[in-house]
$ cat coords_13.cif   # mmCIF, C-alpha atoms and all ligand atoms
data_entry
loop_
_atom_site.label_atom_id
_atom_site.label_comp_id
_atom_site.auth_asym_id
_atom_site.auth_seq_id
_atom_site.Cartn_x
_atom_site.Cartn_y
_atom_site.Cartn_z
CA MET A 13 -10.37 -17.46 14.61
CA ILE A 14 -7.53 -17.16 12.12
CA PRO A 15 -8.04 -13.82 10.34
CA VAL A 16 -6.26 -12.72 7.17
CA THR A 17 -4.16 -10.33 9.23
CA LYS A 18 -3.63 -9.33 12.82
CA THR A 19 -2.36 -5.93 13.91
CA PHE A 20 1.06 -6.11 15.58
CA LEU A 21 0.98 -4.17 18.85
CA PRO A 22 4.13 -3.11 20.70
CA PRO A 23 4.26 -3.65 24.48
CA GLN A 24 1.76 -1.24 26.01
CA GLU A 25 4.33 0.28 28.42
CA GLU A 26 6.44 1.28 25.44
CA TYR A 27 3.48 2.98 23.77
CA ASN A 28 2.59 4.66 27.06
CA SER A 29 6.08 6.07 27.50
CA TYR A 30 5.70 7.92 24.18
CA VAL A 31 2.17 9.05 24.96
CA LYS A 32 3.45 10.42 28.29
CA ARG A 33 5.68 12.83 26.39
CA ALA A 34 2.63 14.26 24.60
CA TRP A 35 0.82 14.43 27.96
CA ASP A 36 3.66 16.18 29.75
CA LYS A 37 3.91 18.78 27.01
CA VAL A 38 0.11 19.02 26.59
CA TRP A 39 0.75 18.82 22.86
CA LEU A 40 -1.42 16.48 20.80
CA THR A 41 -1.01 17.52 17.17
CA ASN A 42 0.31 20.15 14.71
CA ARG A 43 3.57 18.38 14.05
CA GLY A 44 4.68 17.92 17.62
CA GLU A 45 7.96 16.37 18.70
CA LEU A 46 6.73 12.78 18.34
CA THR A 47 5.69 13.32 14.72
CA ILE A 48 8.99 15.03 13.88
CA GLU A 49 10.92 12.23 15.59
CA LEU A 50 8.97 9.57 13.69
CA GLU A 51 9.55 11.37 10.38
CA ASP A 52 13.28 11.56 11.10
CA LYS A 53 13.48 7.86 11.99
CA LEU A 54 11.49 6.72 8.97
CA LYS A 55 13.48 8.97 6.64
CA GLU A 56 16.68 7.32 7.77
CA TYR A 57 15.31 3.76 7.92
CA LEU A 58 13.70 3.96 4.49
CA ASP A 59 16.57 5.99 3.05
CA VAL A 60 14.38 8.57 1.33
CA PRO A 61 15.16 12.27 0.73
CA HIS A 62 11.72 13.55 1.86
CA ILE A 63 8.77 12.26 3.85
CA THR A 64 5.59 13.90 5.12
CA ILE A 65 3.54 11.78 7.49
CA THR A 66 -0.23 12.11 7.13
CA ASN A 67 -3.40 11.00 8.93
CA ASN A 68 -4.16 8.19 6.47
CA GLY A 69 -2.93 6.71 3.20
CA THR A 70 -5.74 8.04 0.99
CA ILE A 71 -5.32 11.78 1.55
CA PRO A 72 -1.78 11.75 0.05
CA LEU A 73 -3.29 10.34 -3.16
CA GLN A 74 -5.84 13.16 -3.11
CA ILE A 75 -3.16 15.80 -2.49
CA ALA A 76 -1.00 14.48 -5.34
CA LEU A 77 -4.01 14.37 -7.67
CA LYS A 78 -5.06 17.88 -6.63
CA LEU A 79 -1.59 19.17 -7.51
CA PHE A 80 -0.98 17.17 -10.69
CA GLY A 81 -4.28 15.71 -11.90
CA LYS A 82 -5.80 19.10 -12.74
CA GLY A 83 -9.22 17.58 -13.44
CA GLY A 84 -7.89 15.56 -16.36
CA GLU A 85 -7.71 11.92 -17.27
CA ILE A 86 -5.62 9.72 -15.00
CA ILE A 87 -4.25 6.46 -16.36
CA THR A 88 -4.68 3.91 -13.60
CA THR A 89 -4.91 0.25 -12.65
CA PRO A 90 -8.20 -1.62 -12.15
CA PHE A 91 -6.46 -4.02 -9.72
CA SER A 92 -5.98 -2.13 -6.46
CA TYR A 93 -7.86 -1.16 -3.34
CA VAL A 94 -10.88 1.06 -4.00
CA ALA A 95 -9.05 4.10 -2.55
CA THR A 96 -6.95 4.36 -5.72
CA SER A 97 -9.95 4.89 -8.00
CA ALA A 98 -12.02 6.75 -5.40
CA ALA A 99 -9.29 9.38 -4.92
CA ILE A 100 -9.29 10.05 -8.68
CA VAL A 101 -13.06 10.52 -8.87
CA TRP A 102 -13.12 12.47 -5.57
CA GLU A 103 -10.62 14.94 -7.05
CA ASN A 104 -12.83 15.44 -10.11
CA CYS A 105 -10.48 13.60 -12.42
CA THR A 106 -11.46 10.73 -14.73
CA PRO A 107 -9.96 7.27 -14.24
CA ILE A 108 -8.81 5.66 -17.49
CA PHE A 109 -8.08 2.02 -16.80
CA VAL A 110 -5.28 0.01 -18.34
CA ASP A 111 -5.31 -3.75 -17.79
CA ILE A 112 -2.69 -5.54 -15.69
CA ASN A 113 0.18 -7.90 -16.25
CA PRO A 114 -1.17 -11.32 -15.19
CA GLU A 115 2.13 -12.43 -13.60
CA TYR A 116 3.12 -9.33 -11.63
CA LEU A 117 -0.47 -8.04 -11.16
CA THR A 118 0.72 -4.45 -11.70
CA ILE A 119 -0.44 -2.15 -14.52
CA ASP A 120 0.65 -3.44 -17.95
CA GLU A 121 3.10 -0.75 -19.00
CA THR A 122 2.96 -1.90 -22.64
CA LYS A 123 -0.70 -0.84 -22.82
CA ILE A 124 -0.32 2.61 -21.27
CA GLU A 125 0.57 4.65 -24.36
CA ALA A 126 -2.56 3.57 -26.25
CA ALA A 127 -4.68 5.05 -23.44
CA ILE A 128 -3.05 8.50 -23.45
CA THR A 129 -5.09 11.40 -24.90
CA SER A 130 -4.69 15.20 -24.91
CA LYS A 131 -6.60 15.24 -21.60
CA THR A 132 -4.24 12.86 -19.78
CA THR A 133 -2.40 14.58 -16.92
CA ALA A 134 -0.97 11.77 -14.82
CA ILE A 135 -0.44 8.06 -14.27
CA LEU A 136 -1.52 6.63 -10.90
CA ALA A 137 -0.34 3.05 -10.54
CA THR A 138 -0.24 0.70 -7.55
CA HIS A 139 2.72 -1.43 -6.48
CA VAL A 140 0.32 -4.31 -5.83
CA PHE A 141 1.02 -6.27 -2.61
CA GLY A 142 4.37 -4.47 -2.46
CA ASN A 143 5.37 -5.74 -5.92
CA PRO A 144 6.89 -2.85 -7.92
CA CYS A 145 5.41 -1.67 -11.21
CA HIS A 146 7.75 -1.55 -14.20
CA VAL A 147 8.98 1.85 -13.02
CA GLU A 148 11.59 2.33 -15.75
CA ALA A 149 9.12 1.86 -18.62
CA ILE A 150 6.55 4.07 -16.92
CA GLU A 151 9.12 6.82 -16.42
CA ILE A 152 10.04 6.78 -20.12
CA ILE A 153 6.38 7.02 -21.17
CA ALA A 154 5.68 9.81 -18.68
CA LYS A 155 8.68 11.87 -19.83
CA LYS A 156 7.74 11.43 -23.48
CA HIS A 157 4.15 12.62 -22.91
CA ASN A 158 4.89 15.12 -20.17
CA LEU A 159 2.82 13.32 -17.53
CA LYS A 160 3.25 13.14 -13.77
CA VAL A 161 3.63 9.74 -12.12
CA ILE A 162 2.01 8.99 -8.77
CA TYR A 163 2.53 5.60 -7.12
CA ASP A 164 0.06 4.17 -4.67
CA ALA A 165 2.70 2.43 -2.57
CA ALA A 166 0.33 1.73 0.33
CA HIS A 167 1.71 -1.83 0.64
CA CYS A 168 5.38 -0.96 0.22
CA PHE A 169 6.85 -0.20 3.64
CA GLY A 170 10.44 -1.44 3.48
CA VAL A 171 10.36 -2.56 -0.17
CA LYS A 172 13.56 -1.94 -2.11
CA TYR A 173 13.95 -2.00 -5.85
CA ASN A 174 17.43 -1.93 -7.41
CA ASN A 175 18.85 -1.38 -3.91
CA GLN A 176 16.85 1.73 -3.13
CA SER A 177 13.51 2.49 -1.56
CA ILE A 178 10.60 1.97 -3.96
CA PHE A 179 9.26 5.26 -2.56
CA ASN A 180 12.01 7.06 -4.53
CA PHE A 181 10.32 6.34 -7.86
CA GLY A 182 7.73 8.50 -9.59
CA ASP A 183 6.99 12.17 -8.83
CA VAL A 184 5.11 11.23 -5.66
CA SER A 185 4.71 7.95 -3.80
CA THR A 186 2.24 7.36 -1.00
CA CYS A 187 2.08 4.81 1.80
CA SER A 188 -0.59 3.71 4.27
CA PHE A 189 0.04 3.25 7.98
CA HIS A 190 -3.43 1.77 8.57
CA ALA A 191 -3.67 -0.82 11.38
CA THR A 192 -3.83 -3.67 8.83
CA LYS A 193 -0.63 -2.59 7.09
CA LEU A 194 2.92 -3.74 7.82
CA PHE A 195 3.98 -0.60 9.68
CA HIS A 196 1.10 1.25 11.27
CA THR A 197 0.01 4.16 13.44
CA GLY A 198 -3.58 2.92 13.84
CA GLU A 199 -4.63 5.26 11.04
CA GLY A 200 -1.91 7.07 9.16
CA GLY A 201 0.13 7.32 6.02
CA ALA A 202 2.89 9.22 4.28
CA MET A 203 3.87 10.87 1.06
CA PHE A 204 7.33 10.74 -0.50
CA CYS A 205 9.09 12.54 -3.33
CA ASN A 206 12.65 13.33 -4.32
CA ASP A 207 12.20 16.87 -5.60
CA ASP A 208 12.53 19.86 -3.24
CA LYS A 209 9.85 21.89 -5.01
CA ILE A 210 7.31 19.06 -5.00
CA GLN A 211 8.12 18.37 -1.35
CA HIS A 212 7.31 21.98 -0.58
CA GLN A 213 3.95 21.68 -2.38
CA LEU A 214 3.08 18.41 -0.65
CA PHE A 215 4.10 19.74 2.72
CA PHE A 216 2.09 22.97 2.64
CA SER A 217 -0.90 21.14 1.11
CA HIS A 218 -1.09 18.81 4.12
CA ASN A 219 -1.35 21.70 6.59
CA PHE A 220 -4.03 24.03 5.14
CA GLY A 221 -1.43 25.75 2.95
CA HIS A 222 0.01 27.55 5.99
CA ASN A 223 3.22 29.52 5.70
CA GLY A 224 3.37 30.65 9.30
CA PRO A 225 0.20 31.56 11.21
CA LEU A 226 -1.01 34.42 9.01
CA GLU A 227 0.22 33.68 5.52
CA PHE A 228 -0.64 30.99 2.98
CA TYR A 229 1.32 29.52 0.11
CA GLY A 230 -1.84 28.20 -1.51
CA LEU A 231 -4.76 25.83 -1.17
CA GLY A 232 -4.36 23.15 1.47
CA ILE A 233 -6.28 20.57 3.45
CA ASN A 234 -5.83 19.02 6.88
CA ALA A 235 -3.83 15.81 6.48
CA LYS A 236 -1.84 16.09 9.72
CA ILE A 237 -1.27 13.10 11.94
CA SER A 238 -1.76 13.42 15.70
CA GLU A 239 0.87 12.85 18.36
CA LEU A 240 -1.12 9.88 19.72
CA GLN A 241 -0.80 8.17 16.35
CA SER A 242 2.87 9.05 15.99
CA ALA A 243 3.42 7.55 19.47
CA MET A 244 2.18 4.21 18.08
CA GLY A 245 4.56 4.50 15.14
CA LEU A 246 7.52 5.23 17.43
CA ALA A 247 6.67 2.32 19.74
CA LEU A 248 6.30 -0.05 16.78
CA PHE A 249 9.39 1.14 14.93
CA PRO A 250 11.98 -0.99 16.83
CA TYR A 251 10.01 -4.14 15.92
CA MET A 252 10.02 -3.69 12.13
CA GLU A 253 12.92 -6.06 11.42
CA HIS A 254 11.28 -8.67 13.66
CA ILE A 255 7.88 -8.21 11.97
CA ILE A 256 9.28 -8.59 8.45
CA ALA A 257 11.44 -11.62 9.45
CA GLU A 258 8.47 -13.37 11.11
CA ARG A 259 6.25 -12.71 8.11
CA LYS A 260 8.94 -14.12 5.83
CA LYS A 261 8.75 -17.39 7.76
CA VAL A 262 5.03 -17.56 6.95
CA THR A 263 5.46 -16.81 3.24
CA ASP A 264 8.32 -19.35 3.09
CA PHE A 265 6.01 -21.96 4.63
CA TYR A 266 3.31 -21.32 2.04
CA ASN A 267 5.88 -21.33 -0.79
CA THR A 268 7.29 -24.68 0.35
CA ASN A 269 4.10 -26.48 1.32
CA LEU A 270 1.35 -25.38 -1.05
CA ASN A 271 0.87 -27.53 -4.12
CA PHE A 272 1.19 -25.19 -7.08
CA ASN A 273 -0.03 -27.59 -9.77
CA ASN A 274 -3.42 -25.87 -9.99
CA LEU A 275 -2.57 -22.78 -8.01
CA LYS A 276 -0.45 -19.73 -8.70
CA ASN A 277 1.23 -17.18 -6.51
CA ILE A 278 2.43 -13.70 -7.37
CA LYS A 279 5.65 -13.23 -9.32
CA ILE A 280 7.80 -10.68 -7.55
CA ARG A 281 9.62 -8.36 -9.94
CA GLU A 282 13.34 -8.98 -10.48
CA ASN A 283 15.77 -6.95 -8.30
CA THR A 284 13.14 -6.46 -5.60
CA GLU A 285 13.69 -6.81 -1.89
CA TRP A 286 10.10 -7.65 -0.96
CA ASN A 287 8.42 -7.00 2.41
CA HIS A 288 6.16 -10.09 2.74
CA SER A 289 3.13 -7.85 3.12
CA TYR A 290 0.51 -10.18 1.61
CA TYR A 291 0.22 -13.75 0.41
CA PRO A 292 -2.15 -13.84 -2.56
CA ILE A 293 -2.97 -17.09 -4.33
CA LEU A 294 -4.77 -17.46 -7.63
CA PHE A 295 -7.17 -20.35 -8.25
CA ASP A 296 -8.12 -21.80 -11.65
CA SER A 297 -11.72 -20.58 -11.26
CA GLU A 298 -13.99 -18.57 -8.99
CA ALA A 299 -15.85 -21.80 -8.21
CA THR A 300 -12.69 -23.33 -6.72
CA LEU A 301 -12.08 -20.15 -4.76
CA LEU A 302 -15.56 -20.24 -3.25
CA ASN A 303 -15.17 -23.90 -2.47
CA VAL A 304 -11.87 -23.37 -0.65
CA GLN A 305 -13.18 -20.28 1.10
CA GLU A 306 -16.14 -22.24 2.47
CA ALA A 307 -13.92 -25.08 3.69
CA LEU A 308 -11.57 -22.62 5.41
CA GLN A 309 -14.46 -20.74 7.01
CA LYS A 310 -15.75 -24.00 8.50
CA GLU A 311 -12.44 -24.16 10.37
CA ASN A 312 -12.79 -20.51 11.34
CA ILE A 313 -10.05 -19.44 8.93
CA ILE A 314 -10.95 -16.19 7.23
CA PRO A 315 -8.94 -15.32 4.11
CA ARG A 316 -9.82 -12.16 2.20
CA ARG A 317 -10.83 -11.63 -1.41
CA TYR A 318 -8.32 -8.93 -2.09
CA PHE A 319 -8.68 -7.16 -4.50
CA TYR A 320 -12.25 -7.72 -5.46
CA PRO A 321 -14.07 -6.46 -7.46
CA SER A 322 -11.98 -5.14 -10.35
CA LEU A 323 -12.25 -1.35 -9.99
CA ASN A 324 -13.45 -0.74 -13.56
CA THR A 325 -16.70 -2.51 -12.62
CA ILE A 326 -17.62 -0.14 -9.78
CA THR A 327 -20.63 2.08 -10.62
CA TYR A 328 -18.92 5.45 -10.37
CA THR A 329 -15.72 4.66 -12.30
CA LYS A 330 -17.53 3.80 -15.55
CA GLY A 331 -14.51 1.86 -16.78
CA ASN A 332 -14.05 -0.15 -19.97
CA LYS A 333 -13.84 -3.92 -19.79
CA MET A 334 -10.56 -5.17 -18.30
CA PRO A 335 -10.52 -8.91 -19.04
CA LEU A 336 -7.34 -9.83 -17.15
CA SER A 337 -8.05 -7.77 -14.05
CA GLU A 338 -11.67 -8.96 -13.89
CA SER A 339 -10.64 -12.58 -14.28
CA ILE A 340 -7.89 -12.36 -11.66
CA ALA A 341 -10.03 -10.38 -9.20
CA SER A 342 -12.61 -13.18 -9.32
CA ARG A 343 -10.03 -15.90 -8.54
CA ILE A 344 -7.60 -14.36 -6.05
CA VAL A 345 -7.51 -14.58 -2.28
CA CYS A 346 -5.02 -13.36 0.32
CA LEU A 347 -4.13 -16.02 2.89
CA PRO A 348 -3.62 -15.35 6.62
CA LEU A 349 -0.26 -13.70 7.22
CA TYR A 350 0.83 -12.14 10.50
CA VAL A 351 3.35 -12.40 13.31
CA GLY A 352 2.40 -15.25 15.61
CA LEU A 353 0.60 -17.45 13.08
CA SER A 354 1.54 -20.94 14.27
CA THR A 355 2.93 -23.77 12.15
CA ILE A 356 -0.03 -25.92 13.23
CA ASP A 357 -2.47 -23.36 11.87
CA LEU A 358 -0.41 -22.88 8.71
CA GLN A 359 -0.39 -26.63 8.11
CA LYS A 360 -4.16 -26.72 8.54
CA ILE A 361 -4.62 -23.96 5.95
CA VAL A 362 -2.24 -25.62 3.50
CA ASP A 363 -3.87 -29.04 3.90
CA ILE A 364 -7.35 -27.69 3.15
CA ILE A 365 -6.17 -25.80 0.06
CA ASN A 366 -4.05 -28.66 -1.29
CA LYS A 367 -6.88 -31.14 -0.79
CA LEU A 368 -9.39 -29.04 -2.72
CA THR A 369 -7.11 -27.98 -5.58
CA SER A 370 -5.30 -31.16 -6.51
C1 LIG B 401 -4.79 0.60 2.44
C2 LIG B 401 -4.72 1.12 1.05
C3 LIG B 401 -5.00 2.47 0.73
C4 LIG B 401 -5.62 3.42 1.71
O1 LIG B 401 -4.92 3.64 2.83
P1 LIG B 401 -5.68 4.18 4.14
O2 LIG B 401 -4.56 4.44 5.09
O3 LIG B 401 -6.59 3.09 4.60
O4 LIG B 401 -6.40 5.43 3.76
C5 LIG B 401 -4.77 2.90 -0.56
N1 LIG B 401 -4.35 2.07 -1.52
C6 LIG B 401 -4.10 0.77 -1.27
C7 LIG B 401 -3.59 -0.11 -2.37
C8 LIG B 401 -4.31 0.24 0.01
O5 LIG B 401 -4.13 -1.06 0.25
#

$ encode --input "coords_13.cif" --output "structure tokens"
Amino acid sequence: MIPVTKTFLPPQEEYNSYVKRAWDKVWLTNRGELTIELEDKLKEYLDVPHITITNNGTIPLQIALKLFGKGGEIITTPFSYVATSAAIVWENCTPIFVDINPEYLTIDETKIEAAITSKTTAILATHVFGNPCHVEAIEIIAKKHNLKVIYDAAHCFGVKYNNQSIFNFGDVSTCSFHATKLFHTGEGGAMFCNDDKIQHQLFFSHNFGHNGPLEFYGLGINAKISELQSAMGLALFPYMEHIIAERKKVTDFYNTNLNFNNLKNIKIRENTEWNHSYYPILFDSEATLLNVQEALQKENIIPRRYFYPSLNTITYTKGNKMPLSESIASRIVCLPLYVGLSTIDLQKIVDIINKLTS
């Protein structure tokens, strides 16, 4: 089978050598030495001022919304993974959708101001497939209306915008280290910010609000990662350049060999150093998509309809109509992309798609 993605695993001995350190110390969680070491390495590699590693990529969204959403209206994108909307509703805030830019697939910044009301507290936008939102425009709007900006940067490991980490933008950015993501710890994630006070709030929130064993700064939750997960991150870390370079070869192959007459791919924002995290293609209709999907499945090639459905159409979000997002969600598919995908398999995928779309 050729799946849409395949988890990259480091050599097992290398993972085991990290796990042994946890074993020898009999120390499995509560910010042990492996977690601290991973945080230090990622902070340097990503070139960010602050990082707090967490046990998944959804809880950082919840923590940021708990701190800044305050039960109000959150301006958000309908084109993202369900976690983005679910976190808003879970934190008793109301998602207010703003349609997307059909080229970049990120929230359409020119439509944000019209959606702001006296109840708006924050903007939660997704850097879709690692493609940055228009962060400058969003910052100007947020400053003008006194709103916080949270970026769901789950796909953004290693992405740079204007020569700096995309995680440096907004009040808080989050990332996912889920096994299907570029860098992973099995389950895991992180939150980033560049303000000391916010970092303090994020940090105590992720550990029950503890300030030492007997004192509390405030309300917190358990978002701590375990040492076993951090061991995976440490073992994987040396392979990140290799992983991104190998994935680039795959996206280059698709770019060169797919016939784009009746097909579109994502437009990466200017001044972006992209991470080759996904390869979405957009068909002219849902019928073509289903046709291609069926032909691929016959060859045991399993792409993924990502993102589908548009989040404004989910029962609990009660969103307004979002024509662009709904149309794109019905026509987009992510193609197989992982380290080790052979040229023979890539050619097979490309041939099927080209045949059915030209
Ligand atoms: C994966 C993902 C999440 C959730 O991350 P988990 O680590 O699975 O909790 C959130 N948002 C987006 C856009 C994602 O792709």

$ residues_near_ligand --input "coords_13.cif" --ligand "ligand LIG 401 (chain B)" --cutoff "10 Å" --atoms "only C-alpha atoms and all ligand atoms" --output "number ranges by chain"
A: 66-73, 91-99, 137-142, 163-168, 186-193, 196-202, 318-319

$ closest_residue --input "coords_13.cif" --among "A:Asp36, A:Glu121, A:Glu51, A:Asp183" --to "Ile153 of chain A" --atoms "only C-alpha atoms"
A:Glu121

$ atom_distance --input "coords_13.cif" --atom1 "atom CA of Leu368 of chain A" --atom2 "atom CA of Asp264 of chain A"
21.0 Å

$ closest_residue --input "coords_13.cif" --among "A:Trp39, A:Phe272, A:Phe228, A:Phe109" --to "Thr89 of chain A" --atoms "only C-alpha atoms"
A:Phe109

$ residues_near_point --input "coords_13.cif" --point "(2.1, 17.7, -17.9)" --cutoff "10 Å" --atoms "only C-alpha atoms" --output "count of residues only"
14

$ closest_residue --input "coords_13.cif" --among "A:Thr17, A:Gln309, A:Ser342, A:Asn143" --to "Pro321 of chain A" --atoms "only C-alpha atoms"
A:Ser342

$ closest_atom_pairs --input "coords_13.cif" --of "segment 104-199 of chain A" --to "segment 204-223 of chain A" --cutoff "8 Å" --atoms "all atoms listed in the file" --output "JSON lines"
{"residue": "A:Phe179", "atom": "CA", "partner": "A:Phe204", "partner_atom": "CA", "distance": 6.2}
{"residue": "A:Asn180", "atom": "CA", "partner": "A:Asn206", "partner_atom": "CA", "distance": 6.3}
{"residue": "A:Phe181", "atom": "CA", "partner": "A:Cys205", "partner_atom": "CA", "distance": 7.8}
{"residue": "A:Gly182", "atom": "CA", "partner": "A:Cys205", "partner_atom": "CA", "distance": 7.6}
{"residue": "A:Asp183", "atom": "CA", "partner": "A:Cys205", "partner_atom": "CA", "distance": 5.9}
{"residue": "A:Val184", "atom": "CA", "partner": "A:Cys205", "partner_atom": "CA", "distance": 4.8}
{"residue": "A:Ser185", "atom": "CA", "partner": "A:Phe204", "partner_atom": "CA", "distance": 5.1}
{"residue": "A:Thr186", "atom": "CA", "partner": "A:Phe204", "partner_atom": "CA", "distance": 6.1}

$ atom_distance --input "coords_13.cif" --atom1 "atom CA of Val101 of chain A" --atom2 "atom CA of Thr329 of chain A"
7.3 Å

$ residues_near_point --input "coords_13.cif" --point "(-8.2, -13.4, 0.9)" --cutoff "9 Å" --atoms "all atoms listed in the file" --output "JSON, numbers by chain"
{"A": [16, 291, 292, 293, 305, 314, 315, 316, 317, 318, 319, 344, 345, 346, 347, 348]}

$ atom_distance --input "coords_13.cif" --atom1 "atom CA of Gln74 of chain A" --atom2 "atom CA of Lys156 of chain A"
24.5 Å

$ residues_around --input "coords_13.cif" --residues "Pro144 of chain A" --least-positions-apart "5" --cutoff "8 Å" --atoms "all atoms listed in the file" --output "count of residues only"
8

$ closest_residue --input "coords_13.cif" --among "A:His146, A:Lys333, A:Lys32, A:Lys310" --to "Asn174 of chain A" --atoms "only C-alpha atoms"
A:His146

$ closest_residue --input "coords_13.cif" --among "A:Thr300, A:Thr47, A:Ile237, A:Val351" --to "Ile256 of chain A" --atoms "all atoms listed in the file"
A:Val351

$ axis_aligned_box --input "coords_13.cif" --around "segment 272-285 of chain A" --padding-each-side "4 Å" --output "JSON"
{"center_x": 6.2, "center_y": -17.0, "center_z": -6.2, "size_x": 27.2, "size_y": 29.1, "size_z": 16.6}

$ residues_around --input "coords_13.cif" --residues "Pro335 of chain A" --least-positions-apart "4" --cutoff "9 Å" --atoms "all atoms listed in the file" --output "ChimeraX atom specification"
/A:111,339-340

$ closest_residue --input "coords_13.cif" --among "A:Ile278, A:Leu58, A:Ala247, A:Ile75" --to "Asn175 of chain A" --atoms "only C-alpha atoms"
A:Leu58

$ residues_around --input "coords_13.cif" --residues "Ser177 of chain A" --least-positions-apart "6" --cutoff "7 Å" --atoms "all atoms listed in the file" --output "PyMOL selection string"
chain A and resi 58-60+171
